[in-house]
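One structure is given below, encoded as structure tokens.
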Amino acid sequence: MTPRTVAHAGAQRSQGSDERVCRVRSGNSRGHRNAPLTPEGRLRLCLRIDASRPIAHVAAEAGLSRRCLAKWHARWRAHGENGLLDHSSSPATSPGRTAEDIADLVEALRRQTKHGPARLAAALQRLHGVTIAPATVHRILVRRGLNRLRDLDPPTGEQLRKVIRYEHDRVGEHHN
């Protein structure tokens with residue numbers, strides 16, 4: 001078996017290799033059925049391990065790390081073919097949105113003081129013992145439509161500008 005080299009679009013592989021030139025894949029495109037990093041290729045590698053071939057040997061033949069192949073084999077044993085499918089890279093859990101009572105405090109302070117996110121965060125810490133980042137305060141203000149002082153009435157803190165939304169039955173339709 002010849003050593004594999006990575007080839008980009010239009011480049012040739014190492015001498016002695018009879019494999020075709022690989023094209024650089026775009027975001028959504030899938031590789032060919034026999035590629036080692038597709039679910040079908042992972043299944044073939046797991047079947048070789050199940051046929052009592054050492055993981056290190058199979059990984060070396062496929063050009064993968066032993067750790068990566070061991071991970072796929074563990075998923076294969078635990079979940080069958082579904083374990084070999086690509087997983088999302090997004091985290092399993094994400095922190096939740098800031099509690100509504102804290103967001104209400106941010107809104108009330110903004111309307112009273114008209115301060116920016118950094119001063120609001122400091123005031124929340126000083127007055128209420130709530131530690132919150134200025135960036136989080138800003139996100140709350142954006143979410144509630146309070147991020148621009150020009151949209152608030154200076155004496156009362158009430159919204160000056162309401163969102164005017166035009167909705168039509170069909171695309172491109174205009175009413176006079």
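Labels used: A, B, ... for chains in the order of the structure tokens, numbers from 1 for residues in each chain, and numbers from 1 for ligands as shown.
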
task: Can you list, as a PyMOL selection string, all residues belonging to stretch 127-162 of chain A that DSSP tags as helix (DSSP H, G or I)?
output: chain A and resi 127-128+134-143+149-151

Export of prior selection with all heavy atoms as a compact mmCIF listing (two decimals), in the first residue's frame:
# COMPACT_ATOMS: atom_id res chain seq x y z
N LEU A 127 -26.23 48.22 43.74
CA LEU A 127 -27.56 48.37 44.35
C LEU A 127 -28.25 47.05 44.67
O LEU A 127 -28.97 46.94 45.66
CB LEU A 127 -28.47 49.19 43.43
CG LEU A 127 -28.01 50.61 43.12
CD1 LEU A 127 -28.92 51.23 42.08
CD2 LEU A 127 -27.99 51.43 44.40
N HIS A 128 -28.05 46.04 43.81
CA HIS A 128 -28.81 44.81 43.96
C HIS A 128 -27.94 43.57 44.19
O HIS A 128 -28.46 42.47 44.36
CB HIS A 128 -29.68 44.58 42.72
CG HIS A 128 -30.64 45.68 42.46
ND1 HIS A 128 -31.79 45.85 43.18
CD2 HIS A 128 -30.61 46.71 41.56
CE1 HIS A 128 -32.45 46.90 42.74
NE2 HIS A 128 -31.75 47.46 41.76
N PRO A 134 -21.24 43.82 31.17
CA PRO A 134 -21.82 44.88 30.34
C PRO A 134 -22.32 44.37 28.99
O PRO A 134 -23.33 44.86 28.48
CB PRO A 134 -20.66 45.86 30.16
CG PRO A 134 -19.80 45.65 31.36
CD PRO A 134 -19.91 44.20 31.68
N ALA A 135 -21.65 43.38 28.40
CA ALA A 135 -22.10 42.81 27.13
C ALA A 135 -23.47 42.15 27.29
O ALA A 135 -24.33 42.24 26.41
CB ALA A 135 -21.09 41.80 26.60
N THR A 136 -23.69 41.52 28.42
CA THR A 136 -25.00 40.90 28.69
C THR A 136 -26.06 41.97 28.87
O THR A 136 -27.18 41.83 28.38
CB THR A 136 -24.91 40.00 29.93
OG1 THR A 136 -23.86 39.05 29.75
CG2 THR A 136 -26.22 39.27 30.18
N VAL A 137 -25.70 43.05 29.56
CA VAL A 137 -26.63 44.17 29.72
C VAL A 137 -27.01 44.71 28.34
O VAL A 137 -28.18 44.97 28.07
CB VAL A 137 -26.02 45.28 30.60
CG1 VAL A 137 -26.91 46.51 30.61
CG2 VAL A 137 -25.80 44.77 32.01
N HIS A 138 -26.02 44.85 27.48
CA HIS A 138 -26.29 45.36 26.13
C HIS A 138 -27.25 44.44 25.38
O HIS A 138 -28.17 44.89 24.71
CB HIS A 138 -24.99 45.53 25.35
CG HIS A 138 -25.20 45.97 23.95
ND1 HIS A 138 -25.65 47.23 23.63
CD2 HIS A 138 -25.06 45.32 22.77
CE1 HIS A 138 -25.76 47.34 22.32
NE2 HIS A 138 -25.41 46.18 21.78
N ARG A 139 -27.02 43.11 25.48
CA ARG A 139 -27.91 42.16 24.79
C ARG A 139 -29.34 42.28 25.31
O ARG A 139 -30.30 42.18 24.54
CB ARG A 139 -27.40 40.73 24.97
CG ARG A 139 -26.29 40.36 24.02
CD ARG A 139 -26.07 38.86 23.95
NE ARG A 139 -25.83 38.26 25.24
CZ ARG A 139 -24.63 38.12 25.79
NH1 ARG A 139 -23.56 38.58 25.18
NH2 ARG A 139 -24.50 37.53 26.95
N ILE A 140 -29.50 42.48 26.61
CA ILE A 140 -30.84 42.64 27.19
C ILE A 140 -31.47 43.91 26.64
O ILE A 140 -32.65 43.92 26.26
CB ILE A 140 -30.77 42.68 28.73
CG1 ILE A 140 -30.36 41.32 29.27
CG2 ILE A 140 -32.12 43.11 29.32
CD1 ILE A 140 -30.00 41.32 30.75
N LEU A 141 -30.70 45.00 26.58
CA LEU A 141 -31.23 46.26 26.06
C LEU A 141 -31.63 46.13 24.60
O LEU A 141 -32.68 46.64 24.19
CB LEU A 141 -30.20 47.38 26.23
CG LEU A 141 -29.84 47.77 27.66
CD1 LEU A 141 -28.73 48.81 27.68
CD2 LEU A 141 -31.07 48.26 28.41
N VAL A 142 -30.83 45.44 23.80
CA VAL A 142 -31.18 45.24 22.38
C VAL A 142 -32.45 44.42 22.28
O VAL A 142 -33.36 44.74 21.50
CB VAL A 142 -30.02 44.55 21.64
CG1 VAL A 142 -30.45 44.08 20.26
CG2 VAL A 142 -28.83 45.49 21.53
N ARG A 143 -32.54 43.35 23.06
CA ARG A 143 -33.70 42.47 23.02
C ARG A 143 -34.98 43.22 23.38
O ARG A 143 -36.04 42.96 22.82
CB ARG A 143 -33.47 41.29 23.96
CG ARG A 143 -34.48 40.19 23.83
CD ARG A 143 -34.08 38.92 24.55
NE ARG A 143 -33.78 39.10 25.94
CZ ARG A 143 -32.66 38.69 26.53
NH1 ARG A 143 -31.72 38.11 25.84
NH2 ARG A 143 -32.48 38.86 27.82
N LEU A 149 -30.58 55.49 23.09
CA LEU A 149 -31.18 56.51 23.94
C LEU A 149 -32.10 57.44 23.15
O LEU A 149 -33.07 57.97 23.70
CB LEU A 149 -30.10 57.34 24.63
CG LEU A 149 -29.50 56.72 25.88
CD1 LEU A 149 -28.42 57.61 26.44
CD2 LEU A 149 -30.58 56.47 26.93
N ARG A 150 -31.80 57.65 21.87
CA ARG A 150 -32.64 58.55 21.07
C ARG A 150 -34.07 58.04 20.94
O ARG A 150 -34.97 58.79 20.61
CB ARG A 150 -32.03 58.76 19.70
CG ARG A 150 -32.08 57.53 18.82
CD ARG A 150 -31.58 57.84 17.43
NE ARG A 150 -31.76 56.66 16.61
CZ ARG A 150 -30.84 56.17 15.80
NH1 ARG A 150 -29.68 56.77 15.69
NH2 ARG A 150 -31.09 55.11 15.08
N ASP A 151 -34.29 56.74 21.19
CA ASP A 151 -35.62 56.17 21.10
C ASP A 151 -36.40 56.30 22.41
O ASP A 151 -37.55 55.87 22.50
CB ASP A 151 -35.56 54.69 20.68
CG ASP A 151 -34.99 54.51 19.29
OD1 ASP A 151 -34.99 55.50 18.51
OD2 ASP A 151 -34.56 53.39 18.95

Distance query A:Ala70 at most 7 Å, only C-alpha atoms, self and fewer than 4 positions along chain excluded, as a PyMOL selection string: chain A and resi 55+66+74

Let me see the file: selected residues, C-alpha atoms, as a tab-separated table (two decimals), in the first residue's frame.
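Heads up, here's the output in out_2.tsv:
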chain	number	residue	atom	x	y	z
A	55	ILE	CA	-7.16	-0.75	16.15
A	66	ARG	CA	-5.84	5.50	16.93
A	74	ALA	CA	-16.96	2.82	20.77

Atom CA of A:Thr113 to atom CA of A:Asp101, distance in Å rounded to a single decimal: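 Atom CA of A:Asp101 lies at a distance of 18.2 Å from atom CA of A:Thr113.
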
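Taking atom CA of A:Ala60 and atom CA of A:Ser90 as the two end points, the separation is 29.0 Å.
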
task: List the neighbours of stretch 43-49 of chain A out to 9 Å using only C-alpha atoms; skip same-chain residues closer than 6 positions along the sequence, and give me the result as a list in words.
output: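 Counting only C-alpha atoms, the residues come to Pro36, Ile55, Val58, Ala59, Ala62, Leu69, Ala70, Trp72, His73, Trp76, Arg77, Glu81 and Leu84 of chain A.
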